[in-house]
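Shown next: entry_19.pdb, given as PDB, C-alpha atoms, pLDDT in the B column.
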```pdb
MODEL        1
ATOM      1  CA  MET M   1     168.954 130.730  97.874  1.00 54.00           C
ATOM      2  CA  ARG M   2     165.488 129.646  99.002  1.00 66.00           C
ATOM      3  CA  THR M   3     164.935 126.061  99.966  1.00 72.00           C
ATOM      4  CA  HIS M   4     161.894 124.420  98.456  1.00 77.00           C
ATOM      5  CA  LEU M   5     160.023 122.103 100.762  1.00 81.00           C
ATOM      6  CA  ALA M   6     158.196 118.917  99.934  1.00 91.00           C
ATOM      7  CA  THR M   7     155.208 119.325 102.249  1.00 95.00           C
ATOM      8  CA  LYS M   8     152.582 116.591 102.405  1.00 97.00           C
ATOM      9  CA  VAL M   9     149.052 117.974 102.067  1.00 98.00           C
ATOM     10  CA  ILE M  10     146.786 115.831 104.232  1.00 98.00           C
ATOM     11  CA  LEU M  11     143.029 116.181 104.486  1.00 98.00           C
ATOM     12  CA  ASN M  12     141.668 115.252 107.916  1.00 98.00           C
ATOM     13  CA  VAL M  13     137.951 114.417 107.789  1.00 97.00           C
ATOM     14  CA  TYR M  14     135.643 114.267 110.806  1.00 96.00           C
ATOM     15  CA  ASP M  15     132.082 113.018 111.244  1.00 94.00           C
ATOM     16  CA  LEU M  16     129.495 115.532 112.445  1.00 92.00           C
ATOM     17  CA  SER M  17     126.674 112.987 112.591  1.00 88.00           C
ATOM     18  CA  GLU M  18     126.320 109.390 113.722  1.00 92.00           C
ATOM     19  CA  HIS M  19     124.334 108.829 110.509  1.00 89.00           C
ATOM     20  CA  ASN M  20     127.561 109.175 108.524  1.00 83.00           C
ATOM     21  CA  GLU M  21     128.177 105.472 109.148  1.00 89.00           C
ATOM     22  CA  TYR M  22     125.314 104.773 106.755  1.00 87.00           C
ATOM     23  CA  LEU M  23     125.618 107.782 104.454  1.00 82.00           C
ATOM     24  CA  TYR M  24     129.394 107.532 103.855  1.00 84.00           C
ATOM     25  CA  GLN M  25     129.058 104.421 101.681  1.00 86.00           C
ATOM     26  CA  PHE M  26     126.869 106.483  99.307  1.00 82.00           C
ATOM     27  CA  GLY M  27     129.324 109.388  99.089  1.00 82.00           C
ATOM     28  CA  PHE M  28     127.295 111.561 101.432  1.00 80.00           C
ATOM     29  CA  GLY M  29     127.392 112.756 105.034  1.00 87.00           C
ATOM     30  CA  LEU M  30     127.920 115.699 107.333  1.00 89.00           C
ATOM     31  CA  PHE M  31     131.642 116.340 107.636  1.00 92.00           C
ATOM     32  CA  HIS M  32     134.153 118.763 109.118  1.00 93.00           C
ATOM     33  CA  SER M  33     137.616 118.971 107.604  1.00 96.00           C
ATOM     34  CA  GLY M  34     141.021 120.567 107.955  1.00 97.00           C
ATOM     35  CA  ILE M  35     144.280 120.495 106.031  1.00 98.00           C
ATOM     36  CA  GLN M  36     147.331 119.197 107.853  1.00 98.00           C
ATOM     37  CA  LEU M  37     150.696 120.712 106.887  1.00 97.00           C
ATOM     38  CA  ASN M  38     153.961 120.271 108.784  1.00 93.00           C
ATOM     39  CA  GLY M  39     152.321 119.049 111.994  1.00 95.00           C
ATOM     40  CA  LEU M  40     149.569 121.675 112.154  1.00 96.00           C
ATOM     41  CA  GLU M  41     146.008 121.486 110.926  1.00 98.00           C
ATOM     42  CA  TYR M  42     144.420 124.534 109.281  1.00 97.00           C
ATOM     43  CA  THR M  43     140.669 124.896 109.458  1.00 96.00           C
ATOM     44  CA  PHE M  44     137.982 127.566 109.282  1.00 94.00           C
ATOM     45  CA  ALA M  45     135.292 128.344 111.853  1.00 87.00           C
ATOM     46  CA  SER M  46     132.808 131.055 112.694  1.00 80.00           C
ATOM     47  CA  GLY M  47     134.223 133.734 114.957  1.00 81.00           C
ATOM     48  CA  GLY M  48     137.836 132.588 114.701  1.00 86.00           C
ATOM     49  CA  GLY M  49     138.333 132.510 110.956  1.00 92.00           C
ATOM     50  CA  VAL M  50     141.303 130.458 109.775  1.00 96.00           C
ATOM     51  CA  GLN M  51     142.817 128.627 112.717  1.00 94.00           C
ATOM     52  CA  GLU M  52     145.864 126.496 113.386  1.00 95.00           C
ATOM     53  CA  VAL M  53     144.897 123.533 115.546  1.00 95.00           C
ATOM     54  CA  ALA M  54     146.302 120.237 116.718  1.00 96.00           C
ATOM     55  CA  PRO M  55     145.829 117.611 113.984  1.00 97.00           C
ATOM     56  CA  LYS M  56     142.949 115.177 114.369  1.00 97.00           C
ATOM     57  CA  TYR M  57     141.339 117.224 117.144  1.00 92.00           C
ATOM     58  CA  ALA M  58     137.953 118.856 116.555  1.00 92.00           C
ATOM     59  CA  PRO M  59     135.611 119.382 119.522  1.00 90.00           C
ATOM     60  CA  GLY M  60     132.097 118.345 118.526  1.00 89.00           C
ATOM     61  CA  ALA M  61     133.270 115.964 115.799  1.00 94.00           C
ATOM     62  CA  ILE M  62     134.698 112.462 115.580  1.00 95.00           C
ATOM     63  CA  PHE M  63     137.846 111.863 113.531  1.00 97.00           C
ATOM     64  CA  ARG M  64     137.078 109.654 110.505  1.00 97.00           C
ATOM     65  CA  GLU M  65     140.176 109.498 108.299  1.00 97.00           C
ATOM     66  CA  SER M  66     143.217 111.193 106.807  1.00 98.00           C
ATOM     67  CA  LEU M  67     143.704 111.384 103.055  1.00 98.00           C
ATOM     68  CA  GLN M  68     147.018 112.383 101.528  1.00 98.00           C
ATOM     69  CA  LEU M  69     146.080 114.666  98.634  1.00 98.00           C
ATOM     70  CA  GLY M  70     149.549 115.358  97.284  1.00 97.00           C
ATOM     71  CA  THR M  71     152.781 117.197  97.979  1.00 97.00           C
ATOM     72  CA  PHE M  72     153.306 120.957  97.914  1.00 97.00           C
ATOM     73  CA  HIS M  73     156.656 121.916  96.418  1.00 95.00           C
ATOM     74  CA  GLY M  74     157.440 125.455  97.498  1.00 94.00           C
ATOM     75  CA  THR M  75     159.172 127.539 100.119  1.00 93.00           C
ATOM     76  CA  SER M  76     157.883 128.146 103.633  1.00 92.00           C
ATOM     77  CA  GLN M  77     157.347 131.783 102.588  1.00 94.00           C
ATOM     78  CA  GLU M  78     155.189 130.714  99.635  1.00 95.00           C
ATOM     79  CA  LEU M  79     153.136 128.528 101.972  1.00 95.00           C
ATOM     80  CA  GLN M  80     152.702 131.429 104.395  1.00 95.00           C
ATOM     81  CA  THR M  81     151.652 133.742 101.545  1.00 96.00           C
ATOM     82  CA  VAL M  82     148.924 131.287 100.495  1.00 97.00           C
ATOM     83  CA  LEU M  83     147.660 131.021 104.087  1.00 96.00           C
ATOM     84  CA  ASP M  84     147.668 134.805 104.568  1.00 96.00           C
ATOM     85  CA  ARG M  85     145.740 135.343 101.342  1.00 96.00           C
ATOM     86  CA  LEU M  86     143.108 132.806 102.404  1.00 97.00           C
ATOM     87  CA  ARG M  87     142.874 134.325 105.899  1.00 95.00           C
ATOM     88  CA  SER M  88     141.744 137.591 104.327  1.00 94.00           C
ATOM     89  CA  SER M  89     138.974 135.890 102.346  1.00 93.00           C
ATOM     90  CA  PHE M  90     137.909 133.425 105.077  1.00 95.00           C
ATOM     91  CA  ARG M  91     137.252 135.710 108.031  1.00 92.00           C
ATOM     92  CA  GLY M  92     135.214 134.464 110.991  1.00 88.00           C
ATOM     93  CA  GLU M  93     132.278 136.731 110.187  1.00 89.00           C
ATOM     94  CA  ASP M  94     132.180 135.289 106.636  1.00 85.00           C
ATOM     95  CA  TYR M  95     131.367 131.785 107.873  1.00 85.00           C
ATOM     96  CA  ASP M  96     128.274 130.203 106.315  1.00 81.00           C
ATOM     97  CA  LEU M  97     127.419 126.570 107.011  1.00 68.00           C
ATOM     98  CA  LEU M  98     126.196 125.992 103.453  1.00 70.00           C
ATOM     99  CA  GLY M  99     128.331 128.352 101.380  1.00 80.00           C
ATOM    100  CA  LYS M 100     131.636 129.198 103.071  1.00 87.00           C
ATOM    101  CA  ASN M 101     132.500 126.545 105.622  1.00 91.00           C
ATOM    102  CA  CYS M 102     135.460 124.506 106.855  1.00 94.00           C
ATOM    103  CA  ASN M 103     135.223 122.210 103.837  1.00 94.00           C
ATOM    104  CA  SER M 104     135.176 125.043 101.317  1.00 94.00           C
ATOM    105  CA  PHE M 105     138.253 126.501 103.063  1.00 97.00           C
ATOM    106  CA  ALA M 106     140.025 123.131 102.933  1.00 97.00           C
ATOM    107  CA  GLU M 107     139.181 122.854  99.241  1.00 96.00           C
ATOM    108  CA  ALA M 108     140.456 126.398  98.530  1.00 97.00           C
ATOM    109  CA  LEU M 109     143.713 125.705 100.388  1.00 98.00           C
ATOM    110  CA  THR M 110     144.156 122.427  98.513  1.00 98.00           C
ATOM    111  CA  GLU M 111     143.616 124.164  95.165  1.00 97.00           C
ATOM    112  CA  GLN M 112     146.123 126.888  96.040  1.00 97.00           C
ATOM    113  CA  LEU M 113     148.770 124.329  97.008  1.00 97.00           C
ATOM    114  CA  LEU M 114     148.137 121.500  94.532  1.00 97.00           C
ATOM    115  CA  GLY M 115     145.838 122.768  91.807  1.00 94.00           C
ATOM    116  CA  GLU M 116     142.233 121.868  91.060  1.00 92.00           C
ATOM    117  CA  GLY M 117     140.750 118.410  91.147  1.00 90.00           C
ATOM    118  CA  ARG M 118     142.514 117.050  94.228  1.00 93.00           C
ATOM    119  CA  PHE M 119     139.792 117.676  96.845  1.00 95.00           C
ATOM    120  CA  PRO M 120     137.188 114.877  97.149  1.00 94.00           C
ATOM    121  CA  GLY M 121     133.702 116.167  96.310  1.00 90.00           C
ATOM    122  CA  TRP M 122     131.890 113.997  98.848  1.00 91.00           C
ATOM    123  CA  VAL M 123     133.342 115.989 101.768  1.00 91.00           C
ATOM    124  CA  ASN M 124     131.204 119.074 101.083  1.00 87.00           C
ATOM    125  CA  ARG M 125     128.365 117.452  99.131  1.00 79.00           C
ATOM    126  CA  ALA M 126     125.770 117.844 101.946  1.00 66.00           C
ATOM    127  CA  ALA M 127     126.383 121.604 102.154  1.00 60.00           C
ATOM    128  CA  TRP M 128     126.134 121.893  98.372  1.00 57.00           C
ATOM    129  CA  VAL M 129     122.788 120.069  98.356  1.00 54.00           C
ATOM    130  CA  GLY M 130     121.628 122.075 101.377  1.00 48.00           C
ATOM    131  CA  SER M 131     122.420 125.333  99.615  1.00 47.00           C
ATOM    132  CA  PHE M 132     119.517 124.664  97.222  1.00 41.00           C
ATOM    133  CA  PHE M 133     117.181 124.757 100.215  1.00 49.00           C
ATOM    134  CA  SER M 134     118.783 127.657 102.108  1.00 45.00           C
ATOM    135  CA  CYS M 135     115.687 129.789 101.559  1.00 45.00           C
ATOM    136  CA  LEU M 136     113.816 127.434 103.881  1.00 46.00           C
ATOM    137  CA  LEU M 137     116.196 128.039 106.792  1.00 45.00           C
ATOM    138  CA  PRO M 138     116.066 130.919 109.279  1.00 47.00           C
ATOM    139  CA  LYS M 139     118.579 133.647 108.297  1.00 54.00           C
ATOM    140  CA  ASP M 140     120.725 133.276 111.407  1.00 55.00           C
ATOM    141  CA  SER M 141     120.851 129.449 111.387  1.00 43.00           C
ATOM    142  CA  THR M 142     123.878 129.031 109.097  1.00 43.00           C
ATOM    143  CA  GLY M 143     126.350 131.431 110.708  1.00 44.00           C
ATOM    144  CA  GLN M 144     127.689 129.107 113.408  1.00 52.00           C
ATOM    145  CA  ALA M 145     130.191 126.325 112.870  1.00 51.00           C
ATOM    146  CA  PRO M 146     129.186 122.942 114.310  1.00 56.00           C
ATOM    147  CA  VAL M 147     132.777 122.415 115.473  1.00 62.00           C
ATOM    148  CA  GLY M 148     134.407 124.665 118.039  1.00 62.00           C
ATOM    149  CA  HIS M 149     138.081 124.969 118.747  1.00 53.00           C
ATOM    150  CA  SER M 150     137.995 127.264 121.751  1.00 46.00           C
ATOM    151  CA  GLY M 151     139.435 125.734 124.871  1.00 39.00           C
ATOM    152  CA  GLY M 152     141.361 123.082 122.938  1.00 40.00           C
ATOM    153  CA  PRO M 153     144.996 122.890 121.907  1.00 40.00           C
ATOM    154  CA  SER M 154     144.937 125.527 119.212  1.00 40.00           C
ATOM    155  CA  SER M 155     146.156 128.928 118.268  1.00 43.00           C
ATOM    156  CA  SER M 156     143.975 131.445 116.508  1.00 43.00           C
ATOM    157  CA  SER M 157     144.733 133.106 113.231  1.00 41.00           C
ATOM    158  CA  ARG M 158     147.422 135.726 113.197  1.00 37.00           C
TER     159      ARG M 158
ENDMDL
END
```
How does the structure come out when it is put into structure tokens?
Amino acid sequence: MRTHLATKVILNVYDLSEHNEYLYQFGFGLFHSGIQLNGLEYTFASGGGVQEVAPKYAPGAIFRESLQLGTFHGTSQELQTVLDRLRSSFRGEDYDLLGKNCNSFAEALTEQLLGEGRFPGWVNRAAWVGSFFSCLLPKDSTGQAPVGHSGGPSSSSR
């Protein structure tokens, strides 16, 4: 018999810009995010892909807030299957600041665990708006994550 878990799905949001203090009140800003499950935070970065890191720790960003998005009811194996599936579609070389970033990973993980409509749109709104102007940016300018986890308390993807 498999034991189903009741795992809280927590979105940790970090500021990437000091201007977020002003922009946040309008539902806008430059943010980094990760999903916290069972004491680990899962995030996505260039080079490393999906990573397990210490919650509320993101070098290059300032922790803003945690939002409980819901509760995942499933087995630990089901949770691992979801993470493994996302690891294959969020590889480090796939990172794109405007199109496939930490926030889009956090949204995909949230949808897999809780269904659609639970992830707050303001978290990735700046990247969405920026994507309309991507043709104005140099080709190699969107492939690096603004947050780095190397050297911190983390473990890389499997």
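Distances from M:Gly49, M:Ala6, M:Leu69, M:Asn20 to Gln36 of chain M were compared using only C-alpha atoms, and the smallest one belongs to M:Leu69.
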Next on the checklist: Given all atoms listed in the file as the basis, pick out the residue of M:Ser46, M:Gln77, M:Asn124, M:Gln112 nearest to Asp96 of chain M.
Outcome noted: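 The answer is M:Ser46, which sits nearest to Asp96 of chain M.
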Item to check | the PyMOL selection byres ((chain M and resi 29) around 9) applied to the shown file, residues as a list in words | outcome: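 After applying the PyMOL selection byres ((chain M and resi 29) around 9), what remains is Asp15, Leu16, Ser17, His19, Asn20, Glu21, Tyr22, Leu23, Tyr24, Phe26, Gly27, Phe28, Leu30, Phe31, Trp122, Val123, Asn124, Arg125 and Ala126 of chain M.
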Checklist entry - Which neighbours of Cys102 of chain M fall inside 12 Å, counting only C-alpha atoms, when residues of the same chain fewer than 6 positions from it are skipped, and could you give them as a ChimeraX atom specification? => result /M:11-14,30-35,41-46,48-51,58,90-92,94-96,108-109,123-124,127,144-148
Item to check | Atom pair atom CA of Pro55 of chain M / atom CA of Thr7 of chain M: separation (Å) | outcome: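 So the two atoms, atom CA of Pro55 of chain M and atom CA of Thr7 of chain M, lie 15.1 Å apart.
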Next on the checklist: Please compute the atom CA of Ser89 of chain M-atom CA of Leu113 of chain M distance, one decimal, in Å.
Outcome noted: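 A separation of 16.1 Å between them.
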Checklist entry - atom CA of Thr110 of chain M and atom CA of Val9 of chain M are how many Å apart? => result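 Separation between atom CA of Thr110 of chain M and atom CA of Val9 of chain M: 7.5 Å.
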Next on the checklist: Taking the file as I've supplied it (selection: the PyMOL selection byres ((chain M and resi 3) around 10)), which residues are included? Please answer as JSON, numbers by chain.
Outcome noted: {"M": [1, 2, 4, 5, 6, 73, 74, 75, 76, 77]}
Next on the checklist: Please determine, counting only C-alpha atoms, which residue among M:Pro120, M:Phe72, M:Thr81, M:Asn38 has the shortest atom-to-atom distance to Ala106 of chain M.
Outcome noted: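 Answer, going by the shortest atom-to-atom distance: M:Pro120.
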Specify the axis-aligned box that encloses all atoms of segment 59-74 of chain M listed in the file after padding of 4 Å on each side, stating its centre and edge lengths in Å to one decimal as lines of an AutoDock Vina configuration file.
```
center_x = 144.8
center_y = 117.5
center_z = 108.0
size_x = 33.3
size_y = 24.0
size_z = 31.1
```
Checklist entry - Counting all atoms listed in the file, which of M:Asn101, M:Gln68, M:Glu18, M:Asp84 gets nearest to Leu114 of chain M? => result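 Smallest separation from Leu114 of chain M among the options: M:Gln68.
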Checklist entry - Using all atoms listed in the file, which residue out of M:Glu93, M:Gln80, M:Phe119, M:Arg85 lies closest to Gly47 of chain M? => result M:Glu93
